[in-house]
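Text of data-v9.csv, listed as CSV, C-alpha atoms (C1' of nucleotides):
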chain,number,residue,atom,x,y,z
N,1011,MET,CA,15.3,59.7,267.2
N,1012,ALA,CA,17.5,58.1,264.6
N,1013,ILE,CA,21.2,58.9,264.6
N,1014,ILE,CA,21.4,59.7,260.9
N,1015,SER,CA,18.8,62.1,259.6
N,1016,THR,CA,16.9,61.9,256.4
N,1017,LYS,CA,19.0,64.6,255.0
N,1018,GLY,CA,22.2,62.6,255.5
N,1019,ARG,CA,20.7,59.5,254.1
N,1020,TYR,CA,19.4,61.3,251.1
N,1021,ALA,CA,22.7,63.0,250.5
N,1022,LEU,CA,24.4,59.6,250.5
N,1023,ARG,CA,21.9,58.0,248.2
N,1024,VAL,CA,22.2,60.9,245.8
N,1025,MET,CA,26.0,60.7,245.8
N,1026,ILE,CA,25.8,57.0,245.0
N,1027,ASP,CA,23.2,57.7,242.3
N,1028,MET,CA,25.4,60.2,240.7
N,1029,ALA,CA,28.4,57.9,240.9
N,1030,GLU,CA,26.5,55.2,239.1
N,1031,HIS,CA,25.5,57.7,236.4
N,1032,ARG,CA,28.8,59.6,236.3
N,1033,ARG,CA,29.2,58.8,232.6
N,1034,ASP,CA,26.1,60.6,231.6
N,1035,GLY,CA,27.4,64.1,231.8
N,1036,TYR,CA,25.5,66.7,233.8
N,1037,ILE,CA,22.4,65.3,235.5
N,1038,PRO,CA,19.5,67.6,236.2
N,1039,LEU,CA,18.1,67.7,239.7
N,1040,LYS,CA,14.7,66.7,238.4
N,1041,GLU,CA,16.1,63.4,237.1
N,1042,ILE,CA,17.8,62.6,240.4
N,1043,ALA,CA,14.7,63.5,242.4
N,1044,GLN,CA,12.5,61.2,240.3
N,1045,ARG,CA,14.9,58.3,240.5
N,1046,GLN,CA,15.4,58.6,244.2
N,1047,GLU,CA,11.8,59.6,245.0
N,1048,ILE,CA,12.8,62.7,246.8
N,1049,SER,CA,11.0,66.0,246.5
N,1050,GLU,CA,12.8,68.4,244.1
N,1051,LYS,CA,12.7,71.3,246.5
N,1052,TYR,CA,14.1,69.4,249.4
N,1053,LEU,CA,16.7,67.8,247.3
N,1054,GLU,CA,17.8,71.2,246.1
N,1055,SER,CA,18.7,72.3,249.6
N,1056,ILE,CA,20.8,69.2,250.0
N,1057,LEU,CA,22.6,69.6,246.7
N,1058,LYS,CA,23.4,73.1,247.6
N,1059,THR,CA,25.4,71.9,250.6
N,1060,LEU,CA,27.3,69.4,248.5
N,1061,VAL,CA,28.1,72.0,245.8
N,1062,ARG,CA,29.3,74.5,248.3
N,1063,ALA,CA,31.7,71.9,249.7
N,1064,ARG,CA,32.9,71.1,246.2
N,1065,LEU,CA,31.7,67.5,246.3
N,1066,LEU,CA,29.6,68.3,243.2
N,1067,THR,CA,29.6,71.0,240.6
N,1068,GLY,CA,26.5,72.5,239.1
N,1069,LEU,CA,26.0,73.9,235.7
N,1070,ARG,CA,23.1,76.2,234.9
N,1071,GLY,CA,21.0,76.5,231.9
N,1072,LYS,CA,19.7,74.0,229.4
N,1073,GLY,CA,21.7,70.8,229.4
N,1074,GLY,CA,23.0,71.7,232.8
N,1075,GLY,CA,22.7,69.8,236.0
N,1076,TYR,CA,25.1,68.3,238.6
N,1077,ARG,CA,28.1,66.0,238.4
N,1078,LEU,CA,30.8,64.6,240.6
N,1079,THR,CA,34.1,66.3,241.0
N,1080,ARG,CA,36.1,63.2,241.8
N,1081,GLU,CA,36.1,59.5,241.3
N,1082,PRO,CA,33.6,57.7,243.6
N,1083,SER,CA,36.4,56.0,245.5
N,1084,LEU,CA,37.7,59.4,246.6
N,1085,TYR,CA,34.5,60.3,248.6
N,1086,THR,CA,34.3,58.9,252.1
N,1087,VAL,CA,30.9,58.4,253.7
N,1088,GLY,CA,32.2,60.3,256.7
N,1089,GLU,CA,32.9,63.4,254.6
N,1090,ILE,CA,29.4,63.4,253.2
N,1091,LEU,CA,27.7,62.8,256.5
N,1092,ARG,CA,29.7,65.4,258.4
N,1093,LEU,CA,28.6,67.9,255.9
N,1094,THR,CA,24.9,67.1,255.8
N,1095,GLU,CA,24.4,66.1,259.4
N,1096,ASP,CA,25.7,69.4,260.8
N,1097,SER,CA,27.2,67.4,263.5
N,1098,LEU,CA,28.2,63.8,264.0
N,1099,ALA,CA,29.3,64.7,267.5
N,1100,PRO,CA,28.1,62.0,270.0
N,1101,VAL,CA,27.1,64.6,272.6
N,1102,ALA,CA,26.4,68.3,272.7
N,1103,CYS,CA,29.6,69.2,274.6
N,1104,LEU,CA,31.8,67.8,271.8
N,1105,GLU,CA,30.1,69.7,269.0
N,1106,ALA,CA,32.2,72.4,267.2
N,1107,GLY,CA,31.7,75.7,268.9
N,1108,ALA,CA,30.1,74.3,272.0
N,1109,PRO,CA,30.6,76.3,275.2
N,1110,PRO,CA,33.2,74.6,277.4
N,1111,CYS,CA,31.6,72.3,279.9
N,1112,PRO,CA,32.2,73.4,283.5
N,1113,ARG,CA,32.0,69.8,284.6
N,1114,ALA,CA,34.6,68.6,282.1
N,1115,GLY,CA,37.3,68.1,284.8
N,1116,GLU,CA,35.2,65.8,286.9
N,1117,CYS,CA,33.3,64.3,284.0
N,1118,ARG,CA,33.3,60.5,284.1
N,1119,THR,CA,31.9,60.1,280.7
N,1120,LEU,CA,34.0,62.4,278.6
N,1121,LYS,CA,36.4,59.6,277.6
N,1122,LEU,CA,33.5,57.4,276.6
N,1123,TRP,CA,32.1,60.1,274.3
N,1124,LYS,CA,35.4,60.8,272.7
N,1125,GLY,CA,35.9,57.1,272.2
N,1126,LEU,CA,32.6,56.9,270.5
N,1127,ASN,CA,33.5,59.8,268.3
N,1128,ASP,CA,36.6,58.0,267.1
N,1129,VAL,CA,34.7,54.8,266.5
N,1130,LEU,CA,32.0,56.6,264.5
N,1131,ASN,CA,34.4,58.6,262.4
N,1132,GLY,CA,36.7,55.7,261.9
N,1133,TYR,CA,33.8,53.6,260.6
N,1134,PHE,CA,32.5,56.3,258.3
N,1135,ASP,CA,35.8,57.2,256.9
N,1136,SER,CA,36.6,53.6,256.1
N,1137,VAL,CA,33.8,53.4,253.5
N,1138,THR,CA,33.8,55.2,250.2
N,1139,VAL,CA,31.0,55.9,247.7
N,1140,ALA,CA,32.6,53.4,245.4
N,1141,ASP,CA,32.1,50.7,248.0
N,1142,LEU,CA,28.4,51.4,248.0
N,1143,MET,CA,27.8,51.4,244.2
N,1144,ALA,CA,26.0,48.5,242.5
N,1145,PRO,CA,28.5,46.2,240.9
N,1146,ALA,CA,28.9,46.9,237.2
N,1147,GLN,CA,26.7,44.8,235.0
N,1148,ALA,CA,26.3,44.0,231.3
N,1149,GLY,CA,24.3,46.9,229.9
N,1150,ASP,CA,26.0,49.6,232.0
N,1151,ASN,CA,27.5,52.1,229.6
N,1152,TYR,CA,30.7,52.5,231.6
N,1153,ILE,CA,33.8,53.3,229.5
N,1154,ILE,CA,36.3,51.9,232.0
L,792,MET,CA,21.7,67.3,266.7
L,793,ALA,CA,23.8,65.2,269.0
L,794,ILE,CA,23.6,61.5,268.8
L,795,ILE,CA,23.1,60.9,272.5
L,796,SER,CA,20.4,63.0,274.1
L,797,THR,CA,20.5,64.8,277.4
L,798,LYS,CA,18.2,62.1,278.8
L,799,GLY,CA,20.7,59.4,278.0
L,800,ARG,CA,23.7,61.3,279.3
L,801,TYR,CA,21.9,62.1,282.5
L,802,ALA,CA,20.9,58.5,283.0
L,803,LEU,CA,24.5,57.4,282.6
L,804,ARG,CA,25.8,60.1,285.0
L,805,VAL,CA,23.2,59.1,287.6
L,806,MET,CA,24.1,55.5,287.3
L,807,ILE,CA,27.8,56.3,287.8
L,808,ASP,CA,26.9,58.5,290.7
L,809,MET,CA,24.9,55.8,292.4
L,810,ALA,CA,27.6,53.3,291.8
L,811,GLU,CA,30.1,55.6,293.5
L,812,HIS,CA,27.8,55.9,296.4
L,813,ARG,CA,26.4,52.4,296.5
L,814,ARG,CA,27.6,51.9,300.1
L,815,ASP,CA,25.5,54.7,301.4
L,816,GLY,CA,22.2,52.7,301.3
L,817,TYR,CA,19.2,54.3,299.7
L,818,ILE,CA,19.9,57.7,298.2
L,819,PRO,CA,17.1,60.2,297.9
L,820,LEU,CA,16.5,61.8,294.5
L,821,LYS,CA,17.1,65.2,295.9
L,822,GLU,CA,20.6,64.3,296.8
L,823,ILE,CA,21.4,62.9,293.3
L,824,ALA,CA,19.8,65.9,291.7
L,825,GLN,CA,21.9,68.3,293.7
L,826,ARG,CA,25.2,66.5,293.1
L,827,GLN,CA,24.6,66.1,289.4
L,828,GLU,CA,22.9,69.5,289.0
L,829,ILE,CA,19.9,68.2,287.3
L,830,SER,CA,16.4,69.4,288.0
L,831,GLU,CA,14.6,67.1,290.5
L,832,LYS,CA,11.5,66.8,288.3
L,833,TYR,CA,13.3,65.9,285.2
L,834,LEU,CA,15.5,63.5,287.0
L,835,GLU,CA,12.5,61.9,288.4
L,836,SER,CA,11.2,60.9,285.0
L,837,ILE,CA,14.5,59.4,284.1
L,838,LEU,CA,14.7,57.4,287.3
L,839,LYS,CA,11.3,56.1,286.7
L,840,THR,CA,12.5,54.4,283.5
L,841,LEU,CA,15.5,52.9,285.2
L,842,VAL,CA,13.3,51.5,288.0
L,843,ARG,CA,10.8,50.0,285.7
L,844,ALA,CA,13.6,48.2,283.9
L,845,ARG,CA,15.0,47.0,287.3
L,846,LEU,CA,18.3,48.7,287.0
L,847,LEU,CA,17.4,50.5,290.2
L,848,THR,CA,15.0,49.9,293.1
L,849,GLY,CA,13.2,52.7,294.8
L,850,LEU,CA,12.1,52.7,298.4
L,851,ARG,CA,9.4,55.2,299.6
L,852,GLY,CA,9.1,57.1,302.8
L,853,LYS,CA,11.6,58.5,305.2
L,854,GLY,CA,15.0,57.0,304.7
L,855,GLY,CA,14.0,55.9,301.3
L,856,GLY,CA,15.5,56.7,297.9
L,857,TYR,CA,17.2,54.7,295.2
L,858,ARG,CA,19.9,52.1,295.0
L,859,LEU,CA,21.5,49.8,292.4
L,860,THR,CA,20.3,46.3,292.0
L,861,ARG,CA,23.6,44.9,290.8
L,862,GLU,CA,27.3,45.4,291.0
L,863,PRO,CA,28.5,48.3,288.8
L,864,SER,CA,30.4,45.9,286.6
L,865,LEU,CA,27.2,44.2,285.6
L,866,TYR,CA,25.7,47.3,284.0
L,867,THR,CA,26.7,48.0,280.4
L,868,VAL,CA,26.5,51.4,279.0
L,869,GLY,CA,24.5,49.9,276.1
L,870,GLU,CA,21.8,48.6,278.3
L,871,ILE,CA,21.4,52.0,279.9
L,872,LEU,CA,21.3,54.0,276.7
L,873,ARG,CA,19.0,51.6,274.9
L,874,LEU,CA,16.5,52.2,277.7
L,875,THR,CA,16.7,56.0,277.8
L,876,GLU,CA,17.4,56.8,274.2
L,877,ASP,CA,14.2,55.1,273.0
L,878,SER,CA,16.3,54.0,270.0
L,879,LEU,CA,19.9,53.7,269.2
L,880,ALA,CA,19.1,52.7,265.7
L,881,PRO,CA,21.3,54.5,263.2
L,882,VAL,CA,18.5,55.2,260.7
L,883,ALA,CA,14.7,55.2,260.9
L,884,CYS,CA,14.2,52.1,258.8
L,885,LEU,CA,16.2,50.0,261.4
L,886,GLU,CA,14.1,51.1,264.4
L,887,ALA,CA,12.0,48.6,266.2
L,888,GLY,CA,8.6,48.5,264.7
L,889,ALA,CA,9.5,50.5,261.6
L,890,PRO,CA,7.4,50.0,258.5
L,891,PRO,CA,9.3,47.8,256.0
L,892,CYS,CA,11.1,49.9,253.5
L,893,PRO,CA,9.9,49.4,249.9
L,894,ARG,CA,13.4,50.3,248.7
L,895,ALA,CA,15.1,47.7,250.8
L,896,GLY,CA,15.9,45.4,247.9
L,897,GLU,CA,17.7,47.9,245.9
L,898,CYS,CA,19.0,49.9,248.9
L,899,ARG,CA,22.8,50.5,248.5
L,900,THR,CA,23.2,51.7,252.0
L,901,LEU,CA,21.4,49.1,254.1
L,902,LYS,CA,24.6,47.2,254.8
L,903,LEU,CA,26.3,50.4,255.9
L,904,TRP,CA,23.7,51.1,258.4
L,905,LYS,CA,23.6,47.6,259.8
L,906,GLY,CA,27.3,47.7,260.1
L,907,LEU,CA,27.0,51.0,262.0
L,908,ASN,CA,24.5,49.4,264.2
L,909,ASP,CA,26.9,46.6,265.1
L,910,VAL,CA,29.7,49.0,265.7
L,911,LEU,CA,27.7,51.2,268.0
L,912,ASN,CA,26.2,48.4,270.1
L,913,GLY,CA,29.5,46.7,270.2
L,914,TYR,CA,31.1,49.8,271.6
L,915,PHE,CA,28.5,50.5,274.2
L,916,ASP,CA,28.2,46.9,275.3
L,917,SER,CA,31.9,46.8,275.9
L,918,VAL,CA,31.9,49.4,278.6
L,919,THR,CA,30.4,49.0,282.0
L,920,VAL,CA,29.4,51.4,284.7
L,921,ALA,CA,32.4,50.2,286.8
L,922,ASP,CA,34.7,51.2,284.0
L,923,LEU,CA,33.4,54.8,284.3
L,924,MET,CA,33.7,55.2,288.1
L,925,ALA,CA,36.3,57.3,289.6
L,926,PRO,CA,39.2,55.2,290.9
L,927,ALA,CA,38.9,54.4,294.6
L,928,GLN,CA,40.7,56.8,296.9
L,929,ALA,CA,41.7,57.1,300.5
L,930,GLY,CA,38.6,58.5,302.2
L,931,ASP,CA,36.1,56.4,300.2
L,932,ASN,CA,34.1,54.4,302.7
L,933,TYR,CA,34.1,51.3,300.5
L,934,ILE,CA,33.9,48.1,302.4
L,935,ILE,CA,35.5,46.0,299.7
H,1396,DG,C1',-0.2,62.0,312.5
H,1397,DT,C1',3.4,64.3,310.5
H,1398,DA,C1',7.3,64.4,307.7
H,1399,DT,C1',9.6,62.4,304.0
H,1400,DT,C1',10.1,60.0,300.3
H,1401,DA,C1',8.9,57.6,295.7
H,1402,DC,C1',5.4,57.3,292.3
H,1403,DC,C1',2.0,58.9,288.8
H,1404,DT,C1',-0.5,61.8,285.2
H,1405,DA,C1',-0.7,65.5,282.6
H,1406,DC,C1',0.8,69.8,280.7
H,1407,DT,C1',4.0,73.4,278.6
H,1408,DT,C1',7.9,75.1,276.2
H,1409,DT,C1',11.4,74.9,272.9
H,1410,DT,C1',13.9,73.2,269.1
H,1411,DG,C1',15.3,71.4,264.9
H,1412,DC,C1',13.9,68.5,261.1
H,1413,DG,C1',11.6,68.0,257.0
H,1414,DG,C1',9.4,70.3,253.6
H,1415,DT,C1',7.5,74.3,250.7
H,1416,DA,C1',7.0,78.8,247.9
H,1417,DG,C1',8.5,82.0,244.8
H,1418,DG,C1',11.7,84.5,242.7
H,1419,DT,C1',16.6,85.5,240.3
H,1420,DT,C1',20.5,84.3,237.5
H,1421,DT,C1',22.9,81.7,233.9
H,1422,DA,C1',23.2,79.1,229.8
H,1423,DT,C1',21.4,76.8,225.5
H,1424,DT,C1',18.7,76.6,221.4
H,1425,DG,C1',16.2,78.3,217.4
J,812,DC,C1',16.7,88.2,220.5
J,813,DA,C1',13.1,85.5,222.7
J,814,DA,C1',12.0,81.3,224.9
J,815,DT,C1',13.2,77.7,227.7
J,816,DA,C1',15.6,75.0,231.0
J,817,DA,C1',18.3,74.6,234.3
J,818,DA,C1',20.9,75.9,238.9
J,819,DC,C1',20.8,79.2,242.6
J,820,DC,C1',18.9,82.0,246.5
J,821,DT,C1',16.0,83.8,250.6
J,822,DA,C1',12.5,83.1,253.3
J,823,DC,C1',9.0,80.8,255.6
J,824,DC,C1',5.8,76.9,257.7
J,825,DG,C1',4.2,72.7,260.3
J,826,DC,C1',5.0,69.4,263.4
J,827,DA,C1',6.9,65.9,266.2
J,828,DA,C1',10.1,65.0,269.7
J,829,DA,C1',13.1,66.6,273.4
J,830,DA,C1',13.4,69.0,277.6
J,831,DG,C1',11.5,70.5,281.4
J,832,DT,C1',7.4,71.7,284.8
J,833,DA,C1',3.3,71.2,288.0
J,834,DG,C1',0.6,69.2,291.2
J,835,DG,C1',-1.1,65.5,293.2
J,836,DT,C1',-1.2,60.3,295.5
J,837,DA,C1',0.7,56.4,298.0
J,838,DA,C1',4.0,54.3,301.1
J,839,DT,C1',7.2,54.3,305.1
J,840,DA,C1',9.6,55.9,309.3
J,841,DC,C1',9.4,58.2,313.6

Just give me the structure of the file as structure tokens.
Amino acid sequence: MAIISTKGRYALRVMIDMAEHRRDGYIPLKEIAQRQEISEKYLESILKTLVRARLLTGLRGKGGGYRLTREPSLYTVGEILRLTEDSLAPVACLEAGAPPCPRAGECRTLKLWKGLNDVLNGYFDSVTVADLMAPAQAGDNYII
Amino acid sequence: MAIISTKGRYALRVMIDMAEHRRDGYIPLKEIAQRQEISEKYLESILKTLVRARLLTGLRGKGGGYRLTREPSLYTVGEILRLTEDSLAPVACLEAGAPPCPRAGECRTLKLWKGLNDVLNGYFDSVTVADLMAPAQAGDNYII
DNA sequence: GTATTACCTACTTTTGCGGTAGGTTTATTG
DNA sequence: CAATAAACCTACCGCAAAAGTAGGTAATAC
């Protein structure tokens, strides 16, 4: 259907949300879920992925929650989507671990798909989370 | 999973196949299916789409089959994929006929997806079927 | 009129996405 | 220490869309 799944879109939204609130210490899942209108349980599974890949860290217990591990400008959109999309490969035969295509030699379209792959990743890697944040406003409690 | 579905990939392969054999008159589905190793029945449903959009014409009866309606250089990949993919929209909210997103005003990622949309369509529209054909060789019965 | 072909409608199967349920561990607070 | 609040973990469900199948009808050539 759509190229980017809900999961990937949610992940990106959440990363932006956390970037905008990065001065607030650890943010509980509940809070993010409410702000972004995503079910807590579903969001949990997304955050798990992001934590495992060290884009976020989680802290358990009272006062715990999630926070970024880097500055927003150091996360590319590509990195986030490649994690949550399972595959940004344009076609099945270019996915990681795909069985080698017996037609590859005579395949007229392989170059097309590889080119698409480059175009996609180039685009996504050229945008960072910082680029997507709302501009700072009076009232934001940013320290910087 | 993959961005481009089997249906779209098949459609493209078939269009290239027909371009390479465009001097042979009407080509029966059976022949294309064999050459491309696609089940006849599934291929049929794909060709139906292409015929309805006038990328191909079909002729029934003995000696019938399918043929291109234009020169290969006049088909863009984008046109073929937009037909067979149902939607090349990057995200659900940009699909044709999608309900308006209530978050659109505050959406941080809308520009990202629109940009992606442009990148994708730009790429696909820049490649034609002729670009994907095998180079002419001795033995090809091309007239030109 | 028979063979051959496209054309049409409907069905089945499979897969992955989106979402849910319930429990376990870790930390803070009083 | 008990209660609470949080992340963390495993497993499962429902459904829509993708992929593929079946069987028949209409047109054309010989």

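Closest to chain J among L:Arg804, L:His812, L:Lys821, L:Lys853 is L:Lys853, based on only C-alpha atoms (C1' of nucleotides).
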
Can you tell me which residues surround Tyr914 of chain L at a distance of at most 9 Å, considering only C-alpha atoms (C1' of nucleotides), apart from same-chain residues fewer than 5 positions away, and format the answer as a ChimeraX atom specification? /N:1125-1126,1129 /L:868-869,909

Next, write the just-selected residues to a file, as a short mmCIF file (atom, residue, chain, number, x, y, z; two decimals), keeping the file's coordinate frame, keeping C-alpha atoms as the atom set.
data_model
loop_
_atom_site.label_atom_id
_atom_site.label_comp_id
_atom_site.auth_asym_id
_atom_site.auth_seq_id
_atom_site.Cartn_x
_atom_site.Cartn_y
_atom_site.Cartn_z
CA GLY N 1125 35.90 57.10 272.20
CA LEU N 1126 32.60 56.90 270.50
CA VAL N 1129 34.70 54.80 266.50
CA VAL L 868 26.50 51.40 279.00
CA GLY L 869 24.50 49.90 276.10
CA ASP L 909 26.90 46.60 265.10
#

Determine, for each residue of chain N having at least one atom at most 10 Å from an atom of chain L, the closest pair of atoms and their separation in Å to one decimal, counting all atoms listed in the file; order by chain and ascending number, as CSV.
residue,atom,partner,partner_atom,distance
N:Met1011,CA,L:Ser878,CA,6.4
N:Ala1012,CA,L:Val882,CA,5.0
N:Ile1013,CA,L:Pro881,CA,4.6
N:Ile1014,CA,L:Val882,CA,5.4
N:Ser1015,CA,L:Val882,CA,7.0
N:Thr1016,CA,L:Val882,CA,8.1
N:Gly1018,CA,L:Val882,CA,9.8
N:Arg1019,CA,L:Val882,CA,8.2
N:Leu1022,CA,L:Thr900,CA,8.1
N:Arg1023,CA,L:Thr900,CA,7.5
N:Ile1026,CA,L:Arg899,CA,8.0
N:Asp1027,CA,L:Arg899,CA,9.5
N:Gln1046,CA,L:Arg894,CA,9.7
N:Val1087,CA,L:Leu903,CA,9.5
N:Glu1095,CA,L:Met792,CA,7.9
N:Asp1096,CA,L:Met792,CA,7.4
N:Ser1097,CA,L:Met792,CA,6.4
N:Leu1098,CA,L:Ala793,CA,6.8
N:Ala1099,CA,L:Ala793,CA,5.7
N:Pro1100,CA,L:Ile794,CA,4.7
N:Val1101,CA,L:Ala793,CA,4.9
N:Ala1102,CA,L:Ala793,CA,5.5
N:Cys1103,CA,L:Ala793,CA,9.0
N:Leu1104,CA,L:Ala793,CA,8.9
N:Glu1105,CA,L:Ala793,CA,7.7
N:Arg1113,CA,L:Gln827,CA,9.6
N:Glu1116,CA,L:Ala925,CA,9.0
N:Cys1117,CA,L:Arg804,CA,8.7
N:Arg1118,CA,L:Leu923,CA,5.7
N:Thr1119,CA,L:Leu923,CA,6.6
N:Leu1120,CA,L:Leu923,CA,9.5
N:Lys1121,CA,L:Leu923,CA,8.8
N:Leu1122,CA,L:Leu923,CA,8.1
N:Trp1123,CA,L:Ile795,CA,9.2
N:Gly1125,CA,L:Tyr914,CA,8.8
N:Leu1126,CA,L:Tyr914,CA,7.3
N:Val1129,CA,L:Val910,CA,7.7
N:Leu1130,CA,L:Leu911,CA,7.7
N:Tyr1133,CA,L:Leu907,CA,7.4
N:Phe1134,CA,L:Leu907,CA,8.5
N:Val1137,CA,L:Leu903,CA,8.4
N:Val1139,CA,L:Thr900,CA,9.8
N:Asp1141,CA,L:Arg899,CA,9.3
N:Leu1142,CA,L:Arg899,CA,5.7
N:Met1143,CA,L:Arg899,CA,6.7
N:Ala1144,CA,L:Arg899,CA,7.1

After a least-squares superposition of chain L onto chain N, with every Cα atom paired in order, give the RMSD to one decimal place.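 My reading of the C-alpha RMSD is 0.2 Å.
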
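Considering the residues J:DA818, J:DA833, J:DA813, J:DA827 and counting only C-alpha atoms (C1' of nucleotides), chain N has its shortest atom-to-atom contact with J:DA818.
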
Residues of chain H within 12 Å of chain L, counting only C-alpha atoms (C1' of nucleotides) - could you list those as a list in words?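 Residues passing the distance filter: DT1397, DA1398, DT1399, DT1400, DA1401, DC1402, DC1403, DT1404, DT1410, DG1411 and DC1412 of chain H.
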
Include C-alpha atoms (C1' of nucleotides) and write out the residues we just selected as a CSV table (one decimal), in the frame of the given file.
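That gives us selection18.csv:
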chain,number,residue,atom,x,y,z
H,1397,DT,C1',3.4,64.3,310.5
H,1398,DA,C1',7.3,64.4,307.7
H,1399,DT,C1',9.6,62.4,304.0
H,1400,DT,C1',10.1,60.0,300.3
H,1401,DA,C1',8.9,57.6,295.7
H,1402,DC,C1',5.4,57.3,292.3
H,1403,DC,C1',2.0,58.9,288.8
H,1404,DT,C1',-0.5,61.8,285.2
H,1410,DT,C1',13.9,73.2,269.1
H,1411,DG,C1',15.3,71.4,264.9
H,1412,DC,C1',13.9,68.5,261.1

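Considering the residues L:Leu874, L:Ala921, L:Leu859, L:Leu865 and counting only C-alpha atoms, Thr840 of chain L has its shortest atom-to-atom contact with L:Leu874.
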
Set the cut-off to 10 Å and count only C-alpha atoms (C1' of nucleotides): what are the residues of chain J that reach chain L? Output as a list of chain:residue names.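 Selected residues: J:DA829, J:DA830, J:DG831, J:DT832, J:DA833, J:DA837, J:DA838, J:DT839, J:DA840, J:DC841.
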
Same residues, C-alpha atoms (C1' of nucleotides), saved as a PDB file, in the frame of the given file:
ATOM      1  C1'  DA J 829      13.100  66.600 273.400  1.00  0.00           C
ATOM      2  C1'  DA J 830      13.400  69.000 277.600  1.00  0.00           C
ATOM      3  C1'  DG J 831      11.500  70.500 281.400  1.00  0.00           C
ATOM      4  C1'  DT J 832       7.400  71.700 284.800  1.00  0.00           C
ATOM      5  C1'  DA J 833       3.300  71.200 288.000  1.00  0.00           C
ATOM      6  C1'  DA J 837       0.700  56.400 298.000  1.00  0.00           C
ATOM      7  C1'  DA J 838       4.000  54.300 301.100  1.00  0.00           C
ATOM      8  C1'  DT J 839       7.200  54.300 305.100  1.00  0.00           C
ATOM      9  C1'  DA J 840       9.600  55.900 309.300  1.00  0.00           C
ATOM     10  C1'  DC J 841       9.400  58.200 313.600  1.00  0.00           C
TER      11       DC J 841
END

If you measure from atom CA of Tyr801 of chain L to atom C1' of DG834 of chain J, what distance in Å do you get, rounded to one decimal?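 Atom C1' of DG834 of chain J lies 24.1 Å from atom CA of Tyr801 of chain L.
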
Rounded to one decimal, what separation in Å do you get between atom C1' of DT1415 of chain H and atom CA of Glu1047 of chain N?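 Result for atom C1' of DT1415 of chain H versus atom CA of Glu1047 of chain N: 16.3 Å, one decimal.
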
So the first atom is atom CA of Thr1079 of chain N and the second is atom CA of Arg1092 of chain N; what is the distance between them in Å, to one decimal place?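 According to the coordinates, atom CA of Thr1079 of chain N and atom CA of Arg1092 of chain N are separated by 18.0 Å.
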
Which residue is closest to Arg1033 of chain N? Choose from N:Arg1077, N:Glu1050, N:Ile1056, N:Ala1063 and count all atoms listed in the file.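 Of the candidates, the smallest distance to Arg1033 of chain N is held by N:Arg1077.
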